[in-house]
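Structure below is protein-v7.tsv: TSV, C-alpha atoms.
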chain	number	residue	atom	x	y	z
A	1	MET	CA	0.00	0.00	0.00
A	2	ARG	CA	1.04	3.62	-0.55
A	3	GLY	CA	0.05	6.71	1.36
A	4	PRO	CA	1.33	10.08	2.59
A	5	LEU	CA	4.25	8.33	4.34
A	6	GLY	CA	4.93	5.87	1.52
A	7	ASP	CA	8.68	6.64	1.45
A	8	ILE	CA	9.18	6.39	5.23
A	9	VAL	CA	10.73	3.41	7.05
A	10	VAL	CA	9.80	2.86	10.70
A	11	LEU	CA	11.80	0.60	13.00
A	12	ASP	CA	9.39	-0.51	15.72
A	13	LEU	CA	11.15	-1.72	18.88
A	14	SER	CA	8.03	-1.29	21.00
A	15	ARG	CA	5.67	-3.82	22.53
A	16	ALA	CA	2.29	-4.06	24.24
A	17	LEU	CA	0.03	-1.20	23.08
A	18	ALA	CA	1.15	2.45	23.18
A	19	GLY	CA	4.23	2.08	20.95
A	20	PRO	CA	2.72	-0.52	18.61
A	21	HIS	CA	-0.37	1.66	18.18
A	22	ALA	CA	1.80	4.63	17.19
A	23	ALA	CA	3.75	2.49	14.71
A	24	GLN	CA	0.52	1.02	13.34
A	25	MET	CA	-0.82	4.52	12.71
A	26	LEU	CA	2.33	5.33	10.73
A	27	GLY	CA	1.87	2.07	8.83
A	28	ASP	CA	-1.72	3.02	8.06
A	29	LEU	CA	-0.31	6.18	6.45
A	30	GLY	CA	1.84	4.06	4.14
A	31	ALA	CA	5.13	3.77	6.05
A	32	ARG	CA	7.09	0.53	5.91
A	33	VAL	CA	7.06	-0.67	9.54
A	34	ILE	CA	9.60	-3.29	10.63
A	35	LYS	CA	8.65	-4.72	14.01
A	36	VAL	CA	11.58	-6.05	16.03
A	37	GLU	CA	10.57	-8.82	18.44
A	38	HIS	CA	12.48	-11.09	20.81
A	39	PRO	CA	12.81	-14.60	19.36
A	40	ASP	CA	11.39	-16.10	22.57
A	41	GLY	CA	7.70	-15.25	22.43
A	42	GLY	CA	7.93	-11.88	20.71
A	43	ASP	CA	5.77	-8.94	21.74
A	44	GLU	CA	4.26	-9.73	25.13
A	45	SER	CA	0.79	-8.94	23.82
A	46	ARG	CA	0.97	-12.11	21.70
A	47	GLY	CA	0.16	-13.87	24.98
A	48	TRP	CA	-2.65	-11.57	26.10
A	49	GLY	CA	-6.20	-12.88	25.99
A	50	PRO	CA	-8.82	-14.21	25.86
A	51	PRO	CA	-9.96	-14.42	23.22
A	52	PHE	CA	-7.39	-16.46	21.34
A	53	VAL	CA	-8.20	-17.68	17.83
A	54	GLY	CA	-6.86	-20.04	15.19
A	55	PRO	CA	-6.69	-23.84	14.85
A	56	ASP	CA	-4.71	-24.17	18.09
A	57	GLU	CA	-6.15	-21.03	19.70
A	58	GLU	CA	-2.68	-19.49	19.83
A	59	ILE	CA	-3.31	-16.15	18.12
A	60	SER	CA	-4.12	-13.23	20.41
A	61	THR	CA	-6.84	-10.89	19.19
A	62	TYR	CA	-5.18	-8.23	21.36
A	63	PHE	CA	-2.02	-8.47	19.25
A	64	LEU	CA	-4.08	-8.31	16.06
A	65	ALA	CA	-5.51	-4.94	17.16
A	66	ALA	CA	-2.19	-3.04	17.13
A	67	ASN	CA	0.05	-4.59	14.50
A	68	ARG	CA	-1.50	-4.46	11.03
A	69	ASN	CA	0.64	-3.19	8.15
A	70	LYS	CA	3.90	-4.38	9.75
A	71	GLN	CA	6.70	-6.83	9.06
A	72	SER	CA	8.16	-8.89	11.92
A	73	ILE	CA	11.76	-9.88	12.48
A	74	ALA	CA	13.00	-11.88	15.47
A	75	VAL	CA	16.07	-10.27	17.07
A	76	ASP	CA	17.77	-10.63	20.45
A	77	LEU	CA	18.82	-7.07	21.22
A	78	LYS	CA	21.16	-8.29	23.95
A	79	SER	CA	23.30	-10.24	21.49
A	80	ASP	CA	26.11	-8.77	19.41
A	81	ALA	CA	24.49	-10.04	16.21
A	82	GLY	CA	21.15	-8.55	17.21
A	83	ARG	CA	22.60	-5.13	17.97
A	84	ASP	CA	24.59	-5.21	14.72
A	85	LEU	CA	21.42	-5.91	12.71
A	86	VAL	CA	19.49	-3.16	14.48
A	87	GLU	CA	22.31	-0.69	13.84
A	88	ARG	CA	22.22	-1.59	10.13
A	89	LEU	CA	18.45	-1.00	10.13
A	90	VAL	CA	18.81	2.30	11.99
A	91	ARG	CA	21.04	3.60	9.20
A	92	ARG	CA	18.24	3.00	6.68
A	93	SER	CA	15.26	4.04	8.82
A	94	ASP	CA	13.49	7.35	9.17
A	95	VAL	CA	11.79	6.66	12.51
A	96	LEU	CA	12.52	4.49	15.53
A	97	VAL	CA	9.70	3.78	18.00
A	98	GLU	CA	10.44	2.52	21.51
A	99	ASN	CA	8.56	2.31	24.79
A	100	PHE	CA	11.17	0.80	27.08
A	101	ARG	CA	11.63	2.05	30.62
A	102	THR	CA	14.03	4.97	30.88
A	103	GLY	CA	17.63	3.77	30.53
A	104	VAL	CA	16.93	0.42	28.83
A	105	LEU	CA	18.11	1.57	25.39
A	106	ASP	CA	21.30	2.88	26.99
A	107	ARG	CA	21.95	-0.50	28.62
A	108	LEU	CA	21.38	-2.20	25.28
A	109	GLY	CA	24.13	-0.05	23.78
A	110	LEU	CA	21.68	2.05	21.75
A	111	PRO	CA	21.51	5.44	23.51
A	112	VAL	CA	20.08	8.34	21.52
A	113	GLU	CA	23.57	9.69	20.90
A	114	ARG	CA	24.56	6.42	19.23
A	115	LEU	CA	21.35	6.31	17.19
A	116	HIS	CA	21.98	9.81	15.84
A	117	GLU	CA	25.63	9.00	15.25
A	118	LEU	CA	24.45	6.15	13.01
A	119	ASN	CA	21.74	8.26	11.37
A	120	PRO	CA	21.51	12.01	12.07
A	121	ARG	CA	18.17	12.16	10.22
A	122	LEU	CA	16.51	9.59	12.49
A	123	VAL	CA	13.35	10.64	14.36
A	124	VAL	CA	13.09	8.75	17.66
A	125	LEU	CA	9.72	8.34	19.36
A	126	SER	CA	10.09	7.47	23.04
A	127	ILE	CA	6.97	6.61	25.05
A	128	THR	CA	7.25	6.07	28.81
A	129	GLY	CA	4.84	5.61	31.67
A	130	PHE	CA	5.39	8.85	33.57
A	131	GLY	CA	7.97	10.76	31.54
A	132	HIS	CA	11.67	10.22	30.89
A	133	ASP	CA	12.77	12.55	33.70
A	134	GLY	CA	11.43	14.20	36.85
A	135	PRO	CA	11.24	12.70	40.35
A	136	GLU	CA	9.25	9.65	39.17
A	137	GLY	CA	10.43	9.43	35.59
A	138	GLY	CA	11.72	5.89	35.89
A	139	ARG	CA	8.45	4.34	37.05
A	140	PRO	CA	6.98	1.53	34.98
A	141	GLY	CA	3.59	2.40	33.59
A	142	TYR	CA	0.55	0.46	32.48
A	143	ASP	CA	-2.72	1.90	31.24
A	144	GLN	CA	-4.90	1.50	34.31
A	145	ILE	CA	-2.17	2.77	36.64
A	146	ALA	CA	-1.86	5.89	34.48
A	147	GLN	CA	-5.64	6.36	34.34
A	148	GLY	CA	-5.64	6.48	38.13
A	149	GLU	CA	-2.52	8.58	38.62
A	150	ALA	CA	-3.54	11.10	35.94
A	151	GLY	CA	-6.98	11.69	37.44
A	152	LEU	CA	-9.12	10.07	34.75
A	153	MET	CA	-10.61	7.44	37.06
A	154	SER	CA	-11.77	10.19	39.43
A	155	LEU	CA	-13.88	11.59	36.58
A	156	THR	CA	-15.34	8.28	35.41
A	157	GLY	CA	-18.28	6.27	36.70
A	158	PRO	CA	-20.96	7.10	39.26
A	159	PRO	CA	-20.19	9.74	41.92
A	160	GLY	CA	-17.82	8.57	44.63
A	161	GLU	CA	-16.83	5.34	42.88
A	162	PRO	CA	-13.77	5.69	40.59
A	163	HIS	CA	-13.88	3.61	37.41
A	164	ARG	CA	-11.35	2.93	34.68
A	165	VAL	CA	-12.37	3.84	31.16
A	166	GLY	CA	-13.25	0.58	29.41
A	167	ALA	CA	-10.77	1.07	26.56
A	168	SER	CA	-7.01	1.41	27.21
A	169	VAL	CA	-7.16	5.13	26.53
A	170	ALA	CA	-3.85	6.04	28.21
A	171	ASP	CA	-1.97	3.68	25.89
A	172	LEU	CA	-3.98	4.60	22.82
A	173	LEU	CA	-3.78	8.34	23.39
A	174	ALA	CA	-0.03	8.10	23.97
A	175	GLY	CA	0.27	6.27	20.66
A	176	ILE	CA	-1.82	8.90	18.88
A	177	HIS	CA	0.16	11.80	20.39
A	178	GLY	CA	3.38	9.99	19.55
A	179	ALA	CA	2.42	9.43	15.92
A	180	TYR	CA	1.46	13.06	15.40
A	181	GLY	CA	4.72	14.16	17.05
A	182	VAL	CA	6.64	11.93	14.63
A	183	VAL	CA	4.89	13.47	11.63
A	184	ALA	CA	5.76	16.96	12.92
A	185	ALA	CA	9.40	15.96	13.41
A	186	LEU	CA	9.55	14.48	9.89
A	187	TYR	CA	8.20	17.78	8.51
A	188	GLU	CA	10.79	19.73	10.50
A	189	ARG	CA	13.51	17.42	9.17
A	190	GLU	CA	12.74	18.63	5.65
A	191	ARG	CA	14.03	22.06	6.74
A	192	THR	CA	16.85	21.11	9.09
A	193	GLY	CA	18.08	17.81	7.66
A	194	ARG	CA	18.22	16.37	11.19
A	195	GLY	CA	15.94	14.18	13.24
A	196	ARG	CA	15.07	14.72	16.86
A	197	VAL	CA	13.64	12.81	19.83
A	198	VAL	CA	9.87	13.03	20.35
A	199	ARG	CA	8.79	12.16	23.89
A	200	THR	CA	5.40	11.45	25.37
A	201	SER	CA	4.04	9.31	28.18
A	202	LEU	CA	0.88	7.72	29.47
A	203	LEU	CA	0.75	10.45	32.13
A	204	ALA	CA	1.09	13.17	29.49
A	205	ALA	CA	-1.49	11.56	27.22
A	206	VAL	CA	-4.19	11.45	29.89
A	207	THR	CA	-3.37	14.84	31.39
A	208	GLY	CA	-3.35	16.23	27.85
A	209	VAL	CA	-7.06	15.45	27.44
A	210	HIS	CA	-8.27	16.91	30.75
A	211	SER	CA	-9.46	19.93	28.73
A	212	TYR	CA	-12.25	21.73	30.63
A	213	HIS	CA	-11.79	19.40	33.61
A	214	GLY	CA	-8.27	20.79	33.94
A	215	THR	CA	-9.28	24.44	33.71
A	216	ALA	CA	-12.14	23.86	36.15
A	217	TRP	CA	-9.36	23.41	38.70
A	218	THR	CA	-6.45	25.51	37.40
A	219	VAL	CA	-8.62	28.55	36.69
A	220	GLY	CA	-11.91	27.93	38.50
A	221	GLY	CA	-10.53	26.38	41.68
A	222	ARG	CA	-13.06	23.51	41.56
A	223	VAL	CA	-12.02	19.85	41.70
A	224	PRO	CA	-14.11	18.01	39.09
A	225	ALA	CA	-15.77	14.78	40.18
A	226	ALA	CA	-17.39	11.84	38.45
A	227	GLY	CA	-20.85	12.56	37.09
A	228	GLY	CA	-21.87	9.16	35.80
A	229	ASN	CA	-23.49	9.35	32.38
A	230	HIS	CA	-24.08	13.10	32.43
A	231	HIS	CA	-21.85	15.94	31.24
A	232	ALA	CA	-19.76	17.88	33.71
A	233	THR	CA	-20.89	21.32	32.50
A	234	ILE	CA	-23.87	21.01	30.12
A	235	ALA	CA	-27.49	20.04	30.80
A	236	PRO	CA	-29.31	18.19	29.48
A	237	TYR	CA	-26.45	16.13	28.09
A	238	GLY	CA	-26.31	12.44	28.95
A	239	ALA	CA	-28.10	9.11	29.08
A	240	PHE	CA	-31.81	9.02	29.91
A	241	ARG	CA	-34.25	6.18	30.58
A	242	CYS	CA	-37.25	5.70	28.31
A	243	ALA	CA	-39.88	2.95	28.08
A	244	ASP	CA	-37.56	0.16	26.90
A	245	GLY	CA	-34.07	1.19	28.00
A	246	MET	CA	-31.72	4.12	27.61
A	247	LEU	CA	-30.92	6.67	24.94
A	248	GLN	CA	-28.63	9.68	24.87
A	249	ILE	CA	-29.61	13.30	24.34
A	250	ALA	CA	-27.19	16.21	24.03
A	251	ALA	CA	-28.68	19.71	24.07
A	252	ALA	CA	-25.57	21.87	24.03
A	253	ASN	CA	-27.32	25.22	23.60
A	254	ASP	CA	-30.59	26.92	24.42
A	255	GLY	CA	-31.97	26.42	20.93
A	256	GLN	CA	-31.52	22.65	21.16
A	257	TRP	CA	-32.97	22.68	24.67
A	258	LYS	CA	-36.13	24.39	23.44
A	259	LYS	CA	-36.60	21.64	20.85
A	260	VAL	CA	-36.18	18.93	23.49
A	261	ALA	CA	-38.55	20.72	25.85
A	262	ALA	CA	-41.19	21.03	23.12
A	263	LEU	CA	-41.03	17.29	22.39
A	264	LEU	CA	-41.32	16.43	26.09
A	265	ASP	CA	-43.96	19.07	26.92
A	266	ILE	CA	-41.71	20.92	29.37
A	267	ASP	CA	-41.76	24.72	29.63
A	268	PRO	CA	-38.25	25.69	28.45
A	269	ASP	CA	-38.46	29.19	29.89
A	270	MET	CA	-39.29	28.40	33.51
A	271	ALA	CA	-36.72	30.00	35.76
A	272	LYS	CA	-34.95	26.82	36.79
A	273	TYR	CA	-34.49	25.64	33.16
A	274	ALA	CA	-34.07	28.92	31.25
A	275	THR	CA	-30.27	28.84	30.79
A	276	ASN	CA	-27.61	26.17	30.86
A	277	ARG	CA	-26.41	27.46	34.24
A	278	ASP	CA	-29.96	27.14	35.60
A	279	ARG	CA	-30.44	23.69	34.11
A	280	PHE	CA	-27.15	22.44	35.47
A	281	THR	CA	-27.94	23.78	38.94
A	282	HIS	CA	-31.26	21.91	38.87
A	283	ARG	CA	-29.96	18.94	36.90
A	284	ASP	CA	-31.48	16.22	39.11
A	285	GLU	CA	-34.93	17.78	38.75
A	286	LEU	CA	-34.40	18.18	35.01
A	287	ILE	CA	-33.44	14.53	34.57
A	288	ALA	CA	-36.49	13.43	36.56
A	289	ASP	CA	-38.84	15.61	34.49
A	290	MET	CA	-37.34	14.40	31.22
A	291	GLU	CA	-37.42	10.71	32.17
A	292	LYS	CA	-41.05	11.03	33.30
A	293	ALA	CA	-41.95	12.21	29.79
A	294	LEU	CA	-39.61	9.78	28.01
A	295	ALA	CA	-41.25	6.83	29.80
A	296	ALA	CA	-44.29	7.20	27.53
A	297	HIS	CA	-42.52	5.74	24.46
A	298	ASP	CA	-39.66	3.46	23.43
A	299	ARG	CA	-36.22	4.42	22.11
A	300	ALA	CA	-37.13	4.06	18.44
A	301	HIS	CA	-39.95	6.55	18.85
A	302	TRP	CA	-37.85	9.14	20.64
A	303	LEU	CA	-34.77	8.77	18.43
A	304	ALA	CA	-36.98	9.34	15.38
A	305	ARG	CA	-38.63	12.41	16.91
A	306	LEU	CA	-35.34	13.86	18.14
A	307	GLY	CA	-33.77	13.27	14.75
A	308	GLU	CA	-36.63	15.05	13.00
A	309	ALA	CA	-36.14	18.00	15.37
A	310	GLY	CA	-32.41	18.15	14.68
A	311	VAL	CA	-31.41	17.36	18.26
A	312	PRO	CA	-28.19	15.33	18.73
A	313	ALA	CA	-29.29	11.97	20.13
A	314	GLY	CA	-28.32	8.33	19.83
A	315	ALA	CA	-28.52	4.75	20.99
A	316	ILE	CA	-25.97	3.04	23.22
A	317	ARG	CA	-24.60	0.27	21.06
A	318	SER	CA	-22.71	-2.87	22.02
A	319	ILE	CA	-19.42	-3.55	20.23
A	320	ASP	CA	-20.97	-6.13	17.89
A	321	GLU	CA	-23.67	-3.64	16.94
A	322	VAL	CA	-21.06	-1.00	16.12
A	323	TYR	CA	-19.26	-3.29	13.65
A	324	ALA	CA	-22.55	-4.37	12.06
A	325	TRP	CA	-23.65	-0.73	11.64
A	326	GLU	CA	-23.54	0.36	8.02
A	327	GLN	CA	-22.36	3.84	9.01
A	328	THR	CA	-19.25	2.35	10.65
A	329	ARG	CA	-18.47	0.33	7.55
A	330	SER	CA	-19.11	3.25	5.21
A	331	GLN	CA	-16.31	5.20	6.96
A	332	GLY	CA	-13.64	2.56	6.39
A	333	LEU	CA	-13.59	1.68	10.07
A	334	VAL	CA	-13.62	-2.05	9.31
A	335	VAL	CA	-10.94	-3.50	7.03
A	336	GLU	CA	-10.49	-7.03	5.74
A	337	VAL	CA	-7.05	-8.66	5.68
A	338	ASP	CA	-5.96	-12.09	4.53
A	339	HIS	CA	-4.26	-13.65	7.55
A	340	PRO	CA	-1.92	-16.57	6.74
A	341	VAL	CA	-3.48	-18.75	9.45
A	342	LEU	CA	-6.95	-17.34	10.00
A	343	GLY	CA	-7.74	-16.54	6.37
A	344	PRO	CA	-9.87	-13.45	5.62
A	345	VAL	CA	-10.60	-11.60	8.88
A	346	GLU	CA	-11.97	-8.18	9.71
A	347	LEU	CA	-10.01	-5.72	11.85
A	348	PRO	CA	-10.84	-2.28	13.22
A	349	GLY	CA	-9.77	0.14	10.51
A	350	PRO	CA	-7.75	3.38	10.60
A	351	PRO	CA	-9.60	6.53	11.76
A	352	LEU	CA	-8.21	8.73	8.96
A	353	ARG	CA	-9.32	8.85	5.34
A	354	PHE	CA	-7.48	10.54	2.46
A	355	ASP	CA	-9.01	11.55	-0.84
A	356	GLY	CA	-7.95	9.12	-3.55
A	357	LEU	CA	-6.84	6.42	-1.12
A	358	ASP	CA	-10.18	4.78	-0.35
A	359	GLY	CA	-10.06	1.04	-0.82
A	360	VAL	CA	-6.38	0.73	0.10
A	361	ARG	CA	-5.46	-2.85	0.98
A	362	HIS	CA	-3.99	-3.51	4.40
A	363	THR	CA	-1.65	-6.32	5.43
A	364	PRO	CA	-2.40	-8.61	8.39
A	365	PRO	CA	-0.51	-8.52	11.68
A	366	PRO	CA	2.56	-10.71	11.17
A	367	ALA	CA	3.56	-14.01	12.70
A	368	LEU	CA	6.65	-13.79	14.90
A	369	GLY	CA	9.74	-13.39	12.71
A	370	GLN	CA	7.93	-14.17	9.48
A	371	ASP	CA	9.65	-11.39	7.51
A	372	GLY	CA	13.23	-11.90	8.66
A	373	ASP	CA	14.52	-13.12	5.30
A	374	ALA	CA	12.61	-10.50	3.30
A	375	VAL	CA	13.83	-7.63	5.48
A	376	LEU	CA	17.41	-8.91	5.36
A	377	ARG	CA	17.29	-9.12	1.54
A	378	TRP	CA	15.88	-5.59	1.34
A	379	LEU	CA	18.53	-4.26	3.73
A	380	THR	CA	21.38	-6.00	1.90
A	381	GLU	CA	20.19	-4.66	-1.46
A	382	LEU	CA	20.15	-1.11	-0.07
A	383	GLU	CA	23.65	-1.49	1.36
A	384	GLU	CA	25.04	-2.91	-1.89
A	385	ARG	CA	23.41	-0.11	-3.87
A	386	GLU	CA	25.14	2.49	-1.70
A	387	ARG	CA	28.63	1.02	-1.97
Would you mind giving the structure from this file in structure tokens?
Amino acid sequence: MRGPLGDIVVLDLSRALAGPHAAQMLGDLGARVIKVEHPDGGDESRGWGPPFVGPDEEISTYFLAANRNKQSIAVDLKSDAGRDLVERLVRRSDVLVENFRTGVLDRLGLPVERLHELNPRLVVLSITGFGHDGPEGGRPGYDQIAQGEAGLMSLTGPPGEPHRVGASVADLLAGIHGAYGVVAALYERERTGRGRVVRTSLLAAVTGVHSYHGTAWTVGGRVPAAGGNHHATIAPYGAFRCADGMLQIAAANDGQWKKVAALLDIDPDMAKYATNRDRFTHRDELIADMEKALAAHDRAHWLARLGEAGVPAGAIRSIDEVYAWEQTRSQGLVVEVDHPVLGPVELPGPPLRFDGLDGVRHTPPPALGQDGDAVLRWLTELEERER
């Protein structure tokens, strides 16, 4: 496949989720991604499940989620031969992705200084748990630990009961931030001719999306708390019960609120509901009044009426329903790949679309070390061409 990064080579030394997700995003944009894995078991996420699939139930669906559009080579970075091969690859790469704990690359004999000595144009993406420096920079980090330490769990779930976000958002956001940092550094390299180190962390990724929760404290002096399924600053905005379950309604301005009120036979101009500030102050009463009216009909009825009125509203879908939804498929968010063991399988697709690149074919996540010979041939050909 080709794409905006079709001439870029990425050396992916990362494992688990944050780093592999960043490298996968670069692969989705057309980069050639060479994933370096330890010969004994490879990326640790190959062992994470359930579910496991395949004839012997040995293939992790977790691994499949973060490693499409990559090649895999098996390398022991602690061996002389392994380091020699990686150094050869560094010379021909544009990007190196790693998410080791601080100091591990140094101990492997691959500090940043050595990497840039081998290739001054190399962009290095380094993802850590809590940052590469500072009083706790060396801490190991996993997603749920970062969700708690960075305050996200205090904002999630019912009041007084911290919950983790169901998806591994600290890892995924770190990967997203990392990928966009890499693209910026590649653009800068066109001017300067030199690469640089791009750093992010799980802590930075979560803190970086505090948004209005952050300014509620830093500017407003209020510590935000969990609000369950309702917005922290807007009302009505959340999940509401109707006759056969729940639906979501988001009235982000007074005009939308008046449309909701008209449908539910509520006076939109009464003092306690006239403005967003009033509605938020009396939110419990507002929810009760709305749910009393919503109880008269089922979700299908209300979603149709809200849609006709132009009010943002929606169902709460299960994962299987999302992937069966024609709108999801129409946006390229499901891709089919031909896996060498599983055959044709569907994977979650990339979130970006580019004009003229619809219908691009993606390659399946690789088996451990399956591309060692192909990568070595490619590397040798490049080296011989440059002699």
Residues of region 170-252 of chain A that approach region 303-321 of chain A to 10 Å or less, counting all atoms listed in the file: could you list each one with the shortest pair of atoms and its distance in Å to one decimal, rows by chain and increasing residue number, as a tab-separated table?
residue	atom	partner	partner_atom	distance
A:Tyr237	CA	A:Ala313	CA	9.4
A:Gly238	CA	A:Ala313	CA	9.3
A:Ala239	CA	A:Ile316	CA	8.7
A:Gly245	CA	A:Ile316	CA	9.6
A:Met246	CA	A:Ile316	CA	7.3
A:Leu247	CA	A:Ala315	CA	5.0
A:Gln248	CA	A:Gly314	CA	5.2
A:Ile249	CA	A:Ala313	CA	4.4
A:Ala250	CA	A:Pro312	CA	5.5
A:Ala251	CA	A:Val311	CA	6.8
A:Ala252	CA	A:Pro312	CA	8.8
inquiry  = Quick one: residues within 9 Å of region 270-274 of chain A, all atoms listed in the file, excluding same-chain residues fewer than 5 positions away - as a PyMOL selection string?
reply    = chain A and resi 254+279-283+286
key: Two-atom distance - CA of Val86 (chain A), CA of Gly47 (chain A) (Å)   =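 Calculated distance between CA of Val86 (chain A) and CA of Gly47 (chain A) is 24.5 Å.
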Return as CSV the residues of region 151-199 of chain A lying at most 9 Å from region 108-121 of chain A, together with the closest atom-to-atom pair for each and the distance in Å to one decimal, counting all atoms listed in the file, with rows in chain order and ascending residue number.
residue,atom,partner,partner_atom,distance
A:Leu186,CA,A:Arg121,CA,8.9
A:Arg189,CA,A:Arg121,CA,7.1
A:Gly193,CA,A:Arg121,CA,6.2
A:Arg194,CA,A:Arg121,CA,4.3
A:Gly195,CA,A:Arg121,CA,4.3
A:Arg196,CA,A:Arg121,CA,7.8
A:Val197,CA,A:Val112,CA,8.0
key: Which of A:Leu342, A:Met290, A:Ala16, A:Ala22 sits closest to Val53 (chain A) [using all atoms listed in the file]   =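 For Val53 (chain A), the nearest of the candidates is A:Leu342.
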request  = Please provide the set of residues having any atom within 7 Å of Ala23 (chain A), restricted to all atoms listed in the file, with same-chain residues fewer than 5 positions apart removed, written as a list in words.
outcome  =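 Surrounding residues, per the criterion: Asp12, Val33 and Val97 of chain A.
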ask   = Looking at A:Ile145, A:Ala296, A:Arg32, A:Trp325, which one is nearest to Arg92 (chain A), with distances taken over only C-alpha atoms?
value =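 Of A:Ile145, A:Ala296, A:Arg32, A:Trp325, the one nearest Arg92 (chain A) is A:Arg32, counting only C-alpha atoms.
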ask   = A:Ile8, A:Ala374, A:Leu357, A:Leu17: which is nearest Tyr62 (chain A), counting all atoms listed in the file?
value =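 Counting all atoms listed in the file, the residue closest to Tyr62 (chain A) is A:Leu17.
You will find CA of Gly129 (chain A) at 21.9 Å from CA of Ala184 (chain A).
For the set A:Ala226, A:Thr207, A:Ser154, A:Ala18, the residue with the smallest atom-to-atom gap to Ser168 (chain A) is A:Ala18, counting all atoms listed in the file.
Each of A:Ala216, A:Val341, A:Val165, A:Ala367 was compared to Pro55 (chain A) using only C-alpha atoms, and A:Val341 turns out to be the nearest.
Picture a line from CA of Asp106 (chain A) to CA of Ser45 (chain A); it runs 23.9 Å.
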